[in-house]
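Before any comments, here is the structure.
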Amino acid sequence: VVSDGPSNYYIGSRQVTSNNQDPIIAKFTNGVQDWCRTDYETDGVDGNGIGLMVSPTTCDLYAVFTVDGGRFGFNFATSGGWQNSYGSGGGPNVSVISRLDRSNGNPLNGTFVRAQLSSGNTNTLVVQDMNWDSSTDSVVVRADSAFLPFDVDGTTRLPDPGTSSPHNYNLTLNSNLTAASSAFIGTSPSITTTQASCPVAPNNGGGTTNPTPTPDPSDSDTGGNLITVRTGGSDE
């Protein structure tokens, strides 16, 4: 969960069927639900919500999801993103980052972040941390990546570092998630960030309103840092 002023944003997953999960995000202000969205991924693939960040300079809300395949029931706004699709194949978990409207949860911009096997099929990449670089107004991502993540152009894989996965992948994206300025495997750099101090966003509703998650007031983070699950991938 992340906060901006009196509002808290919660992210997670809901079990739709015995073998299918979909992501869910909800906003509460002073303990009252403003909106709840369950329509970011409504297809047969597994989708999970794993992290949130409010940028301290632009006050934008960013969400991180994982999906394990590419279908048509996606609502991540990735059509103009740095990587606009899941890619080929299916099964490995990849990440999706979306910039959301704080007033109703609508996706505004988004991008996939994935790795690729030598065969051309998609491979596992799961975001572990996301921060905001206040000096450049950029989204800075650290991910655990299987063989092999992509360079700044989003289409060329990085050179094989010669080590086993998961690789420590570092990616810097612009605020609209349409382009990358840095991508490398190695030690994560230090960045300049500040706490969010944002005006209260109006509440315009939007999306599905059930089920209602239960907020935990003690579970909050305004620093834009997220921790997520680790999953395996292939090394080839």
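Convention: chains lettered A, B, ... in structure tokens order; per-chain residue numbering from 1; ligands numbered from 1 as shown.
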Inset, instruction - Going by DSSP on the backbone, which bits of range 20-189 of chain A are strand (DSSP E or B)? Write them as a ChimeraX atom specification, please. - result: /A:20-29,32-37,41,47-54,61-67,74,88,94-100,107-113,115-116,121-123,125-133,138-145,149-150,157,167-174,180-185
Inset, instruction - Find the spatial neighbours of Leu125 in chain A, counting only C-alpha atoms, within a cut-off of 9 Å - ignore same-chain residues fewer than 4 positions away - and output them as an MDAnalysis selection string. - result: chainID A and resid 66 92:95 113:115 143:149 166 169 231:233
For the selection you just gave me, I'd like the residues written to a file as a compact mmCIF listing (two decimals), in the first residue's frame, keeping all heavy atoms.
```txt
# COMPACT_ATOMS: atom_id res chain seq x y z
N THR A 66 2.05 -8.59 -12.72
CA THR A 66 2.67 -9.68 -13.47
C THR A 66 1.57 -10.43 -14.22
O THR A 66 0.43 -10.53 -13.74
CB THR A 66 3.43 -10.67 -12.57
OG1 THR A 66 2.53 -11.27 -11.63
CG2 THR A 66 4.58 -9.98 -11.84
N PRO A 92 5.92 -18.08 -18.71
CA PRO A 92 6.76 -17.28 -17.82
C PRO A 92 6.06 -16.00 -17.35
O PRO A 92 5.33 -15.36 -18.12
CB PRO A 92 7.97 -16.93 -18.70
CG PRO A 92 8.01 -17.99 -19.74
CD PRO A 92 6.57 -18.31 -20.02
N ASN A 93 6.28 -15.64 -16.10
CA ASN A 93 5.77 -14.39 -15.57
C ASN A 93 6.60 -13.22 -16.08
O ASN A 93 7.83 -13.24 -15.99
CB ASN A 93 5.83 -14.39 -14.04
CG ASN A 93 4.52 -14.75 -13.39
OD1 ASN A 93 3.45 -14.51 -13.95
ND2 ASN A 93 4.59 -15.33 -12.21
N VAL A 94 5.93 -12.18 -16.59
CA VAL A 94 6.59 -10.93 -16.94
C VAL A 94 5.90 -9.80 -16.20
O VAL A 94 4.80 -9.96 -15.65
CB VAL A 94 6.57 -10.68 -18.46
CG1 VAL A 94 7.17 -11.86 -19.21
CG2 VAL A 94 5.16 -10.37 -18.97
N SER A 95 6.52 -8.64 -16.21
CA SER A 95 5.98 -7.49 -15.49
C SER A 95 5.31 -6.50 -16.43
O SER A 95 5.66 -6.40 -17.60
CB SER A 95 7.10 -6.77 -14.72
OG SER A 95 7.66 -7.62 -13.74
N VAL A 113 7.53 -5.25 -19.35
CA VAL A 113 8.97 -5.37 -19.11
C VAL A 113 9.24 -6.87 -19.05
O VAL A 113 8.81 -7.54 -18.11
CB VAL A 113 9.42 -4.68 -17.82
CG1 VAL A 113 10.94 -4.72 -17.69
CG2 VAL A 113 8.94 -3.23 -17.77
N ARG A 114 9.96 -7.40 -20.03
CA ARG A 114 10.10 -8.84 -20.16
C ARG A 114 11.50 -9.21 -20.62
O ARG A 114 12.28 -8.36 -21.05
CB ARG A 114 9.08 -9.38 -21.16
CG ARG A 114 9.10 -8.68 -22.52
CD ARG A 114 7.97 -9.16 -23.43
NE ARG A 114 7.83 -8.36 -24.62
CZ ARG A 114 8.55 -8.49 -25.72
NH1 ARG A 114 9.48 -9.44 -25.77
NH2 ARG A 114 8.38 -7.71 -26.76
N ALA A 115 11.80 -10.49 -20.52
CA ALA A 115 13.04 -11.05 -21.04
C ALA A 115 12.71 -11.94 -22.23
O ALA A 115 11.54 -12.19 -22.53
CB ALA A 115 13.77 -11.83 -19.95
N ALA A 143 14.80 -5.37 -11.38
CA ALA A 143 14.04 -6.60 -11.59
C ALA A 143 14.96 -7.80 -11.54
O ALA A 143 16.15 -7.72 -11.84
CB ALA A 143 13.32 -6.55 -12.93
N ASP A 144 14.39 -8.94 -11.17
CA ASP A 144 15.05 -10.23 -11.33
C ASP A 144 14.68 -10.75 -12.71
O ASP A 144 13.49 -10.97 -13.00
CB ASP A 144 14.59 -11.21 -10.26
CG ASP A 144 15.28 -10.98 -8.92
OD1 ASP A 144 16.18 -10.13 -8.85
OD2 ASP A 144 14.89 -11.65 -7.94
N SER A 145 15.68 -10.95 -13.56
CA SER A 145 15.41 -11.33 -14.94
C SER A 145 16.11 -12.64 -15.28
O SER A 145 17.27 -12.86 -14.94
CB SER A 145 15.90 -10.24 -15.90
OG SER A 145 15.75 -10.64 -17.25
N ALA A 146 15.40 -13.50 -15.99
CA ALA A 146 16.01 -14.67 -16.59
C ALA A 146 16.68 -14.24 -17.89
O ALA A 146 16.68 -13.07 -18.27
CB ALA A 146 14.96 -15.75 -16.82
N PHE A 147 17.25 -15.15 -18.61
CA PHE A 147 17.93 -14.91 -19.88
C PHE A 147 16.90 -14.49 -20.93
O PHE A 147 15.92 -15.18 -21.16
CB PHE A 147 18.59 -16.23 -20.32
CG PHE A 147 19.40 -16.15 -21.58
CD1 PHE A 147 20.78 -16.00 -21.52
CD2 PHE A 147 18.79 -16.25 -22.82
CE1 PHE A 147 21.54 -15.96 -22.69
CE2 PHE A 147 19.54 -16.20 -23.98
CZ PHE A 147 20.92 -16.06 -23.92
N LEU A 148 17.06 -13.35 -21.55
CA LEU A 148 17.89 -12.20 -21.23
C LEU A 148 17.01 -10.96 -21.36
O LEU A 148 16.14 -10.92 -22.23
CB LEU A 148 19.06 -12.06 -22.22
CG LEU A 148 20.45 -12.58 -21.82
CD1 LEU A 148 21.40 -12.52 -22.98
CD2 LEU A 148 21.00 -11.90 -20.61
N PRO A 149 17.20 -9.91 -20.51
CA PRO A 149 16.39 -8.71 -20.63
C PRO A 149 16.84 -7.82 -21.79
O PRO A 149 17.85 -8.08 -22.44
CB PRO A 149 16.62 -8.02 -19.28
CG PRO A 149 18.01 -8.44 -18.90
CD PRO A 149 18.15 -9.84 -19.40
N PRO A 166 18.78 -15.56 -11.48
CA PRO A 166 18.27 -14.31 -12.03
C PRO A 166 19.33 -13.21 -12.10
O PRO A 166 20.18 -13.09 -11.21
CB PRO A 166 17.17 -13.92 -11.03
CG PRO A 166 17.61 -14.54 -9.73
CD PRO A 166 18.27 -15.83 -10.11
N TYR A 169 18.61 -6.75 -13.09
CA TYR A 169 18.32 -5.89 -14.24
C TYR A 169 17.88 -4.52 -13.75
O TYR A 169 17.02 -4.40 -12.88
CB TYR A 169 17.22 -6.53 -15.08
CG TYR A 169 16.79 -5.76 -16.31
CD1 TYR A 169 17.71 -5.36 -17.28
CD2 TYR A 169 15.45 -5.47 -16.52
CE1 TYR A 169 17.29 -4.68 -18.42
CE2 TYR A 169 15.02 -4.80 -17.66
CZ TYR A 169 15.95 -4.42 -18.60
OH TYR A 169 15.54 -3.74 -19.74
N THR A 231 10.26 -15.50 -9.04
CA THR A 231 9.92 -16.70 -9.80
C THR A 231 11.05 -17.04 -10.73
O THR A 231 11.84 -16.20 -11.14
CB THR A 231 8.65 -16.46 -10.63
OG1 THR A 231 8.85 -15.34 -11.50
CG2 THR A 231 7.45 -16.20 -9.75
N GLY A 232 11.13 -18.30 -11.10
CA GLY A 232 12.24 -18.78 -11.92
C GLY A 232 12.03 -18.54 -13.39
O GLY A 232 10.99 -18.12 -13.84
N GLY A 233 13.06 -18.84 -14.17
CA GLY A 233 13.00 -18.73 -15.62
C GLY A 233 14.09 -19.56 -16.24
O GLY A 233 14.93 -20.15 -15.54
```
Legend entry - Residue neighbourhood Asp151 in chain A, 8 Å, only C-alpha atoms, exclusion window fewer than 3 positions, as a list in words: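 The neighbour list is Gly154, Thr155, Thr156, Arg157, Leu158, Ser182, Ala183 and Phe184 of chain A.
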Legend entry - CA of Ala26 in chain A to CA of Phe74 in chain A, straight-line distance in Å: 17.9 Å
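Candidate residues A:Gln116, A:Thr187, A:Ser98, A:Ser175 were compared for distance to Arg142 in chain A, and the nearest is A:Thr187, using only C-alpha atoms.
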Inset, instruction - For Gln15 in chain A, please output as a list in words all residues within 10 Å (counting only C-alpha atoms; exclusion window: fewer than 4 positions along the same chain). - result: Asn19, Asn20, Gln21, Asp22, Pro23, Asp46, Gly47 and Asn48 of chain A
